[in-house]
Amino acid sequence: MRVDLQQAIHMLQQGQVVAIPTETVYGLAADARNDEALRQIYGIKERPADNPLIVHLANISQVSDWASDFPPLAQHLAKAFWPGPFTLVLPAKESVSHIVRAGEPTVALRVPAHPLTQQLLQACGLGLAAPSANKYTHLSPTTAAHVEASLGEEVAVLDGGACQVGIESTIVSVAGDEWQLLRHGMISELAISQVAGKPASRVATHTPKAPGQHLLHYSPRTPSLLLDSVEAIQAFVARHEHCVALLMQATEVGCPSLVLGNTPEVAAELLYSQLHRLDAMGAKHLLIHAVPNSNEWAGIRDRLQRATYR
Ligand code: TXA
Ligand code: MG
């Protein structure tokens, strides 16, 4: 069910769940201070209760409503990367719902850049808990139609067009003057090191369960395989029926294929929509050409490894 901005604001204020666009992926949003609304998110997603949610805020000044400590290093990172595809894990205030943080002593916060969601956050005045709007472990949605295909037509969706970043935010936890990378994304580890003025701490200050790090995640239903070269894809296709392939550039490989693109920005934007399309073809094997093993491709490489984990 599609809803407009005013309906979305009203529903969220009433404790209902609405799928909302962000620049990364669509999120399944609810009032982060309303435990009943939060339980609905877990129910609709079929997500285990030990997997905490990100709270989305309108601006940096709201951090102090949620975090008990906002160290200078975290402030510096927030000023550099917000609004944007960047999530900060900080010590939680005691008042933060134990459902939203899944019992962790920390809370994950993000100020998204999508203009419609910015309007929504400013108008509704709530912190919005929002995991990606897909069933647990399935492919993430980057359009309103993806949300409906995964969660059903009865879920309310605010349509903000196709997501432009295309993969989930980079997650960084900060404790004192140390930081750790919890999830790769389009803001790279190198970019964060440069702003932080130092590399990530190798000693875990606090080890969250972070089930986003679950190896099988972001997965197509079609059995998927990551291969290092076009030649390896061609050789596989020659020996197996009903293959489809995701390639970095258009090449004849002997089976239907879609192209991801040559730059990390384009590839990230297209990644989930191309995987959704290939998955819908009902093939026996989905073959994926591995992207380069370099810093700026790390977020995409991480999603591909999880999509193909066996
Ligand atoms: O781009 C994104 O981050 C999207 C959009 C909707 O904002 N959201 C998203 O949410 O990807 P989700 O729930 O699919 O992934 C959130 C990740 C999970 O891996 C979760 O474990 C981690 O954030 N997380 C949340 N709170 C945490 C905490 N307190 N400590 C450590 N990890 C946390
Ligand atoms: Mg997710």
# chains A, B, ... in the order shown; residues from 1 in each chain; ligands from 1
>>> residues_near_ligand(ligand="ligand 1", cutoff="6 Å", atoms="only C-alpha atoms and all ligand atoms", output="MDAnalysis selection string")
chainID A and resid 24:27 51:54 85 89 101 104 106:108 130:132 168:169 208 210:213
>>> write_last_selection(atoms="N, CA, C and O atoms", output="mmCIF file, in the first residue's frame")
data_model
loop_
_atom_site.group_PDB
_atom_site.id
_atom_site.type_symbol
_atom_site.label_atom_id
_atom_site.label_comp_id
_atom_site.auth_asym_id
_atom_site.auth_seq_id
_atom_site.Cartn_x
_atom_site.Cartn_y
_atom_site.Cartn_z
ATOM 1 N N THR A 24 20.472 4.780 0.973
ATOM 2 C CA THR A 24 21.164 3.480 0.888
ATOM 3 C C THR A 24 20.204 2.397 0.403
ATOM 4 O O THR A 24 20.333 1.909 -0.724
ATOM 5 N N VAL A 25 19.248 2.017 1.260
ATOM 6 C CA VAL A 25 18.221 1.032 0.921
ATOM 7 C C VAL A 25 16.939 1.486 1.616
ATOM 8 O O VAL A 25 16.981 2.372 2.467
ATOM 9 N N TYR A 26 15.791 0.900 1.263
ATOM 10 C CA TYR A 26 14.541 1.209 1.977
ATOM 11 C C TYR A 26 14.604 0.623 3.374
ATOM 12 O O TYR A 26 15.135 -0.471 3.585
ATOM 13 N N GLY A 27 14.056 1.382 4.353
ATOM 14 C CA GLY A 27 14.014 0.914 5.732
ATOM 15 C C GLY A 27 12.580 0.679 6.178
ATOM 16 O O GLY A 27 11.653 1.330 5.684
ATOM 17 N N ASN A 51 19.028 -8.941 17.231
ATOM 18 C CA ASN A 51 19.675 -8.169 16.163
ATOM 19 C C ASN A 51 19.217 -6.714 16.263
ATOM 20 O O ASN A 51 18.101 -6.395 15.894
ATOM 21 N N PRO A 52 20.082 -5.808 16.782
ATOM 22 C CA PRO A 52 19.635 -4.440 17.073
ATOM 23 C C PRO A 52 19.360 -3.611 15.815
ATOM 24 O O PRO A 52 19.809 -3.944 14.724
ATOM 25 N N LEU A 53 18.608 -2.514 15.993
ATOM 26 C CA LEU A 53 18.177 -1.664 14.883
ATOM 27 C C LEU A 53 18.918 -0.327 14.896
ATOM 28 O O LEU A 53 19.340 0.144 15.952
ATOM 29 N N ILE A 54 19.008 0.303 13.726
ATOM 30 C CA ILE A 54 19.588 1.650 13.621
ATOM 31 C C ILE A 54 18.478 2.671 13.859
ATOM 32 O O ILE A 54 17.386 2.546 13.300
ATOM 33 N N PRO A 85 25.440 8.010 4.198
ATOM 34 C CA PRO A 85 25.360 6.553 4.398
ATOM 35 C C PRO A 85 26.349 6.063 5.463
ATOM 36 O O PRO A 85 27.226 5.240 5.198
ATOM 37 N N VAL A 89 27.866 3.802 16.157
ATOM 38 C CA VAL A 89 27.446 3.043 17.340
ATOM 39 C C VAL A 89 28.116 3.682 18.556
ATOM 40 O O VAL A 89 29.349 3.764 18.628
ATOM 41 N N ARG A 101 17.876 -1.730 20.870
ATOM 42 C CA ARG A 101 19.312 -2.037 20.918
ATOM 43 C C ARG A 101 19.565 -3.506 21.255
ATOM 44 O O ARG A 101 20.706 -3.894 21.530
ATOM 45 N N GLU A 104 21.926 -4.532 23.946
ATOM 46 C CA GLU A 104 23.312 -4.044 23.913
ATOM 47 C C GLU A 104 23.429 -2.772 24.772
ATOM 48 O O GLU A 104 22.447 -2.041 24.935
ATOM 49 N N THR A 106 24.924 -0.283 23.752
ATOM 50 C CA THR A 106 25.165 0.760 22.744
ATOM 51 C C THR A 106 23.911 0.977 21.899
ATOM 52 O O THR A 106 22.995 0.162 21.903
ATOM 53 N N VAL A 107 23.920 2.087 21.131
ATOM 54 C CA VAL A 107 22.827 2.344 20.187
ATOM 55 C C VAL A 107 23.433 2.818 18.861
ATOM 56 O O VAL A 107 24.434 3.533 18.858
ATOM 57 N N ALA A 108 22.832 2.377 17.750
ATOM 58 C CA ALA A 108 23.318 2.753 16.413
ATOM 59 C C ALA A 108 22.490 3.930 15.897
ATOM 60 O O ALA A 108 21.257 3.887 15.940
ATOM 61 N N ALA A 130 14.872 1.748 11.927
ATOM 62 C CA ALA A 130 14.558 1.197 10.605
ATOM 63 C C ALA A 130 15.648 0.250 10.123
ATOM 64 O O ALA A 130 16.720 0.670 9.722
ATOM 65 N N PRO A 131 15.364 -1.052 10.156
ATOM 66 C CA PRO A 131 16.231 -2.018 9.479
ATOM 67 C C PRO A 131 15.860 -2.024 7.997
ATOM 68 O O PRO A 131 14.826 -1.459 7.613
ATOM 69 N N SER A 132 16.657 -2.642 7.166
ATOM 70 C CA SER A 132 16.305 -2.738 5.751
ATOM 71 C C SER A 132 14.943 -3.437 5.623
ATOM 72 O O SER A 132 14.639 -4.363 6.379
ATOM 73 N N GLU A 168 23.873 -0.783 2.036
ATOM 74 C CA GLU A 168 23.649 -0.293 3.384
ATOM 75 C C GLU A 168 24.819 0.550 3.880
ATOM 76 O O GLU A 168 25.955 0.396 3.433
ATOM 77 N N SER A 169 24.497 1.397 4.882
ATOM 78 C CA SER A 169 25.487 2.332 5.425
ATOM 79 C C SER A 169 26.714 1.624 6.008
ATOM 80 O O SER A 169 26.639 0.486 6.468
ATOM 81 N N PRO A 208 30.116 -6.314 19.778
ATOM 82 C CA PRO A 208 28.671 -6.503 19.669
ATOM 83 C C PRO A 208 28.396 -7.776 18.881
ATOM 84 O O PRO A 208 29.258 -8.241 18.131
ATOM 85 N N ALA A 210 26.331 -7.899 16.445
ATOM 86 C CA ALA A 210 26.231 -7.411 15.058
ATOM 87 C C ALA A 210 25.846 -8.497 14.062
ATOM 88 O O ALA A 210 26.622 -8.857 13.196
ATOM 89 N N PRO A 211 24.617 -9.008 14.158
ATOM 90 C CA PRO A 211 24.239 -10.094 13.259
ATOM 91 C C PRO A 211 24.184 -9.678 11.787
ATOM 92 O O PRO A 211 24.040 -10.533 10.926
ATOM 93 N N GLY A 212 24.314 -8.382 11.502
ATOM 94 C CA GLY A 212 24.482 -7.968 10.101
ATOM 95 C C GLY A 212 25.727 -8.612 9.547
ATOM 96 O O GLY A 212 25.950 -8.686 8.340
ATOM 97 N N GLN A 213 26.574 -9.085 10.462
ATOM 98 C CA GLN A 213 27.800 -9.742 10.041
ATOM 99 C C GLN A 213 27.570 -11.247 9.838
ATOM 100 O O GLN A 213 28.490 -11.983 9.538
#
>>> select_by_dssp(residues="range 24-190 of chain A", states="strand (DSSP E or B)", output="number ranges by chain")
A: 27-31, 54-56, 67, 86-92, 106-110, 128-129, 132, 138, 156-158, 170-175, 178-183
>>> select_by_dssp(residues="range 130-258 of chain A", states="alpha helix (DSSP H)", output="number ranges by chain")
A: 144-151, 189-196, 230-239
>>> write_last_selection(atoms="N, CA, C and O atoms", output="short mmCIF file (atom, residue, chain, number, x, y, z; two decimals), in the first residue's frame")
data_model
loop_
_atom_site.label_atom_id
_atom_site.label_comp_id
_atom_site.auth_asym_id
_atom_site.auth_seq_id
_atom_site.Cartn_x
_atom_site.Cartn_y
_atom_site.Cartn_z
N ALA A 144 10.49 0.85 -4.06
CA ALA A 144 9.24 0.54 -3.35
C ALA A 144 8.71 -0.82 -3.79
O ALA A 144 8.18 -1.59 -2.98
N ALA A 145 8.88 -1.14 -5.07
CA ALA A 145 8.39 -2.44 -5.57
C ALA A 145 9.16 -3.61 -4.93
O ALA A 145 8.56 -4.66 -4.64
N HIS A 146 10.46 -3.43 -4.68
CA HIS A 146 11.22 -4.49 -3.98
C HIS A 146 10.64 -4.73 -2.58
O HIS A 146 10.57 -5.86 -2.12
N VAL A 147 10.27 -3.64 -1.90
CA VAL A 147 9.71 -3.77 -0.55
C VAL A 147 8.43 -4.60 -0.60
O VAL A 147 8.25 -5.55 0.17
N GLU A 148 7.55 -4.26 -1.55
CA GLU A 148 6.27 -4.96 -1.66
C GLU A 148 6.48 -6.43 -2.02
O GLU A 148 5.79 -7.31 -1.52
N ALA A 149 7.47 -6.69 -2.87
CA ALA A 149 7.73 -8.08 -3.27
C ALA A 149 8.21 -8.91 -2.08
O ALA A 149 7.89 -10.08 -1.95
N SER A 150 8.98 -8.30 -1.17
CA SER A 150 9.52 -9.06 -0.04
C SER A 150 8.54 -9.12 1.13
O SER A 150 8.40 -10.16 1.76
N LEU A 151 7.87 -8.00 1.43
CA LEU A 151 7.07 -7.92 2.66
C LEU A 151 5.57 -8.01 2.42
O LEU A 151 4.80 -8.12 3.36
N GLU A 189 36.78 2.49 4.57
CA GLU A 189 37.63 2.48 5.77
C GLU A 189 38.73 3.54 5.64
O GLU A 189 39.06 4.23 6.60
N LEU A 190 39.26 3.69 4.42
CA LEU A 190 40.32 4.67 4.19
C LEU A 190 39.81 6.09 4.43
O LEU A 190 40.48 6.91 5.09
N ALA A 191 38.62 6.39 3.90
CA ALA A 191 38.05 7.74 4.08
C ALA A 191 37.83 8.03 5.56
O ALA A 191 38.08 9.15 6.03
N ILE A 192 37.40 7.02 6.31
CA ILE A 192 37.17 7.21 7.75
C ILE A 192 38.50 7.42 8.48
O ILE A 192 38.62 8.32 9.32
N SER A 193 39.52 6.62 8.12
CA SER A 193 40.84 6.78 8.74
C SER A 193 41.37 8.19 8.53
O SER A 193 41.98 8.77 9.43
N GLN A 194 41.13 8.72 7.32
CA GLN A 194 41.65 10.06 7.01
C GLN A 194 40.98 11.11 7.89
O GLN A 194 41.64 11.99 8.43
N VAL A 195 39.67 11.00 8.04
CA VAL A 195 38.96 11.98 8.86
C VAL A 195 39.31 11.77 10.34
O VAL A 195 39.52 12.73 11.09
N ALA A 196 39.41 10.50 10.76
CA ALA A 196 39.72 10.20 12.17
C ALA A 196 41.16 10.56 12.51
O ALA A 196 41.49 10.77 13.67
N VAL A 230 36.08 -13.84 -16.14
CA VAL A 230 35.10 -14.12 -17.18
C VAL A 230 35.32 -15.54 -17.71
O VAL A 230 34.36 -16.28 -17.97
N GLU A 231 36.57 -15.96 -17.82
CA GLU A 231 36.89 -17.30 -18.32
C GLU A 231 36.30 -18.37 -17.40
O GLU A 231 35.76 -19.38 -17.86
N ALA A 232 36.39 -18.14 -16.10
CA ALA A 232 35.84 -19.12 -15.15
C ALA A 232 34.32 -19.19 -15.29
O ALA A 232 33.72 -20.28 -15.17
N ILE A 233 33.68 -18.05 -15.56
CA ILE A 233 32.22 -18.03 -15.76
C ILE A 233 31.88 -18.81 -17.03
O ILE A 233 30.98 -19.67 -17.04
N GLN A 234 32.62 -18.54 -18.11
CA GLN A 234 32.35 -19.24 -19.37
C GLN A 234 32.53 -20.75 -19.20
O GLN A 234 31.73 -21.54 -19.71
N ALA A 235 33.56 -21.16 -18.47
CA ALA A 235 33.83 -22.59 -18.28
C ALA A 235 32.70 -23.23 -17.47
O ALA A 235 32.26 -24.35 -17.77
N PHE A 236 32.19 -22.53 -16.46
CA PHE A 236 31.08 -23.06 -15.65
C PHE A 236 29.82 -23.21 -16.51
O PHE A 236 29.15 -24.24 -16.47
N VAL A 237 29.54 -22.17 -17.32
CA VAL A 237 28.33 -22.18 -18.17
C VAL A 237 28.39 -23.34 -19.18
O VAL A 237 27.38 -23.98 -19.47
N ALA A 238 29.61 -23.64 -19.66
CA ALA A 238 29.77 -24.72 -20.63
C ALA A 238 29.41 -26.08 -20.02
O ALA A 238 29.02 -27.00 -20.71
N ARG A 239 29.54 -26.21 -18.70
CA ARG A 239 29.31 -27.50 -18.03
C ARG A 239 27.97 -27.60 -17.31
O ARG A 239 27.61 -28.66 -16.83
#
>>> closest_residue(among="A:Pro199, A:Val63, A:Glu94, A:Gln6", to="Lys79 in chain A", atoms="only C-alpha atoms")
A:Val63
>>> residues_around(residues="Val3 in chain A", least_positions_apart="4", cutoff="12 Å", atoms="only C-alpha atoms", output="short mmCIF file (atom, residue, chain, number, x, y, z; two decimals) with all heavy atoms, in the first residue's frame")
data_model
loop_
_atom_site.label_atom_id
_atom_site.label_comp_id
_atom_site.auth_asym_id
_atom_site.auth_seq_id
_atom_site.Cartn_x
_atom_site.Cartn_y
_atom_site.Cartn_z
N GLN A 7 0.48 10.96 5.31
CA GLN A 7 -0.01 9.70 5.86
C GLN A 7 1.11 8.98 6.62
O GLN A 7 0.89 8.42 7.70
CB GLN A 7 -0.53 8.78 4.75
CG GLN A 7 -1.81 9.27 4.10
CD GLN A 7 -2.14 8.49 2.83
OE1 GLN A 7 -1.29 8.31 1.95
NE2 GLN A 7 -3.37 8.02 2.74
N ALA A 8 2.31 9.00 6.05
CA ALA A 8 3.46 8.33 6.70
C ALA A 8 3.73 8.95 8.06
O ALA A 8 3.92 8.24 9.06
CB ALA A 8 4.69 8.41 5.81
N ILE A 9 3.72 10.28 8.12
CA ILE A 9 3.97 10.98 9.39
C ILE A 9 2.91 10.57 10.42
O ILE A 9 3.23 10.21 11.55
CB ILE A 9 3.95 12.51 9.17
CG1 ILE A 9 5.14 12.93 8.31
CG2 ILE A 9 3.94 13.26 10.51
CD1 ILE A 9 5.05 14.35 7.76
N HIS A 10 1.66 10.61 9.99
CA HIS A 10 0.55 10.29 10.90
C HIS A 10 0.68 8.84 11.41
O HIS A 10 0.57 8.59 12.62
CB HIS A 10 -0.77 10.49 10.15
CG HIS A 10 -1.97 10.23 11.00
ND1 HIS A 10 -2.37 11.10 12.00
CD2 HIS A 10 -2.83 9.19 11.04
CE1 HIS A 10 -3.43 10.60 12.60
NE2 HIS A 10 -3.73 9.44 12.04
N MET A 11 0.93 7.92 10.50
CA MET A 11 1.02 6.51 10.90
C MET A 11 2.17 6.27 11.87
O MET A 11 2.02 5.55 12.86
CB MET A 11 1.21 5.62 9.66
CG MET A 11 -0.02 5.55 8.76
SD MET A 11 0.29 4.52 7.31
CE MET A 11 0.21 2.88 8.05
N LEU A 12 3.32 6.88 11.61
CA LEU A 12 4.47 6.70 12.50
C LEU A 12 4.18 7.27 13.88
O LEU A 12 4.53 6.66 14.91
CB LEU A 12 5.73 7.33 11.88
CG LEU A 12 6.25 6.57 10.65
CD1 LEU A 12 7.21 7.43 9.83
CD2 LEU A 12 6.93 5.26 11.06
N VAL A 17 3.93 0.94 11.47
CA VAL A 17 5.16 0.70 10.73
C VAL A 17 5.00 1.18 9.29
O VAL A 17 3.98 0.90 8.66
CB VAL A 17 5.49 -0.81 10.77
CG1 VAL A 17 6.64 -1.16 9.85
CG2 VAL A 17 5.81 -1.24 12.20
N VAL A 18 5.99 1.91 8.77
CA VAL A 18 5.96 2.39 7.38
C VAL A 18 7.33 2.16 6.75
O VAL A 18 8.36 2.48 7.36
CB VAL A 18 5.65 3.91 7.32
CG1 VAL A 18 5.62 4.41 5.88
CG2 VAL A 18 4.33 4.23 8.02
N ALA A 19 7.36 1.61 5.55
CA ALA A 19 8.64 1.48 4.83
C ALA A 19 8.97 2.84 4.20
O ALA A 19 8.13 3.46 3.56
CB ALA A 19 8.54 0.40 3.76
N ILE A 20 10.22 3.27 4.43
CA ILE A 20 10.62 4.61 3.97
C ILE A 20 11.88 4.52 3.11
O ILE A 20 12.72 3.63 3.29
CB ILE A 20 10.89 5.55 5.17
CG1 ILE A 20 12.02 5.00 6.07
CG2 ILE A 20 9.61 5.76 5.99
CD1 ILE A 20 12.55 6.00 7.09
N ALA A 144 10.49 0.85 -4.06
CA ALA A 144 9.24 0.54 -3.35
C ALA A 144 8.71 -0.82 -3.79
O ALA A 144 8.18 -1.59 -2.98
CB ALA A 144 8.21 1.64 -3.62
N GLU A 153 1.96 -6.69 -0.11
CA GLU A 153 1.28 -5.45 -0.52
C GLU A 153 0.67 -4.70 0.65
O GLU A 153 0.39 -3.51 0.56
CB GLU A 153 0.16 -5.78 -1.52
CG GLU A 153 0.63 -6.37 -2.84
CD GLU A 153 1.27 -5.32 -3.75
OE1 GLU A 153 0.96 -4.12 -3.59
OE2 GLU A 153 2.09 -5.72 -4.60
N GLU A 154 0.45 -5.38 1.79
CA GLU A 154 -0.25 -4.71 2.89
C GLU A 154 0.66 -3.77 3.69
O GLU A 154 0.20 -2.95 4.46
CB GLU A 154 -0.95 -5.73 3.80
CG GLU A 154 -0.09 -6.80 4.44
CD GLU A 154 0.36 -7.92 3.50
OE1 GLU A 154 -0.02 -7.91 2.30
OE2 GLU A 154 1.12 -8.78 3.95
N VAL A 155 1.98 -3.88 3.49
CA VAL A 155 2.89 -2.98 4.20
C VAL A 155 2.82 -1.58 3.58
O VAL A 155 2.81 -1.43 2.36
CB VAL A 155 4.34 -3.51 4.12
CG1 VAL A 155 5.35 -2.47 4.56
CG2 VAL A 155 4.48 -4.76 4.98
N ALA A 156 2.72 -0.55 4.43
CA ALA A 156 2.66 0.83 3.95
C ALA A 156 4.05 1.26 3.45
O ALA A 156 5.04 1.05 4.15
CB ALA A 156 2.21 1.75 5.07
N VAL A 157 4.11 1.82 2.23
CA VAL A 157 5.40 2.24 1.67
C VAL A 157 5.32 3.69 1.21
O VAL A 157 4.40 4.07 0.47
CB VAL A 157 5.79 1.38 0.44
CG1 VAL A 157 7.21 1.73 -0.01
CG2 VAL A 157 5.70 -0.11 0.74
N LEU A 158 6.30 4.48 1.64
CA LEU A 158 6.47 5.84 1.13
C LEU A 158 7.47 5.73 -0.02
O LEU A 158 8.63 5.37 0.19
CB LEU A 158 7.02 6.73 2.25
CG LEU A 158 7.35 8.17 1.88
CD1 LEU A 158 6.09 8.95 1.48
CD2 LEU A 158 8.05 8.88 3.05
N ASP A 159 6.99 6.02 -1.23
CA ASP A 159 7.85 5.83 -2.41
C ASP A 159 8.73 7.06 -2.64
O ASP A 159 8.22 8.15 -2.89
CB ASP A 159 6.95 5.57 -3.64
CG ASP A 159 7.77 5.18 -4.87
OD1 ASP A 159 9.02 5.22 -4.81
OD2 ASP A 159 7.15 4.84 -5.89
N GLY A 160 10.04 6.87 -2.54
CA GLY A 160 10.98 7.97 -2.77
C GLY A 160 11.88 7.68 -3.95
O GLY A 160 12.97 8.22 -4.04
#
>>> atom_distance(atom1="CA of Thr22 in chain A", atom2="CA of Ala290 in chain A")
26.6 Å
>>> closest_residue(among="A:Met1, A:Val111, A:Ala129, A:Leu227", to="Gly152 in chain A", atoms="only C-alpha atoms")
A:Met1
>>> atom_distance(atom1="CA of Phe86 in chain A", atom2="CA of Pro220 in chain A")
24.8 Å
>>> closest_residue(among="A:Ala58, A:Ser68, A:Pro115, A:Ile167", to="ligand 2", atoms="only C-alpha atoms and all ligand atoms")
A:Ile167
>>> residues_around(residues="His289 in chain A", least_positions_apart="2", cutoff="8 Å", atoms="only C-alpha atoms", output="list in words")
Leu226, Leu227, Asp228, Ser229, Val230, Ile233, Ala245, Leu246, Leu247, Met248, Leu287 and Val291 of chain A
>>> write_last_selection(atoms="C-alpha atoms", output="PDB file, in the first residue's frame")
ATOM      1  CA  LEU A 226      31.422 -15.866  -6.980  1.00  0.00           C
ATOM      2  CA  LEU A 227      34.002 -16.435  -9.745  1.00  0.00           C
ATOM      3  CA  ASP A 228      37.237 -14.549 -10.298  1.00  0.00           C
ATOM      4  CA  SER A 229      37.282 -14.234 -14.083  1.00  0.00           C
ATOM      5  CA  VAL A 230      35.097 -14.121 -17.183  1.00  0.00           C
ATOM      6  CA  ILE A 233      32.220 -18.034 -15.759  1.00  0.00           C
ATOM      7  CA  ALA A 245      25.428 -14.114 -14.697  1.00  0.00           C
ATOM      8  CA  LEU A 246      26.207 -10.730 -13.167  1.00  0.00           C
ATOM      9  CA  LEU A 247      29.196  -9.168 -14.945  1.00  0.00           C
ATOM     10  CA  MET A 248      31.232  -6.018 -14.464  1.00  0.00           C
ATOM     11  CA  LEU A 287      27.265 -16.652 -11.373  1.00  0.00           C
ATOM     12  CA  VAL A 291      34.782  -7.143  -8.087  1.00  0.00           C
TER      13      VAL A 291
END
>>> residues_around(residues="Gln249 in chain A", least_positions_apart="3", cutoff="9 Å", atoms="only C-alpha atoms", output="VMD selection string")
chain A and resid 246 258 to 262
>>> closest_residue(among="A:Gln305, A:Gln274, A:Ser140, A:Ser219", to="ligand 2", atoms="only C-alpha atoms and all ligand atoms")
A:Ser140
>>> closest_residue(among="A:Lys135, A:Asn59, A:Ala67, A:Glu178", to="Glu46 in chain A", atoms="only C-alpha atoms")
A:Lys135
>>> closest_residue(among="A:Arg306, A:Arg33, A:Arg301, A:His138", to="ligand 2", atoms="only C-alpha atoms and all ligand atoms")
A:His138
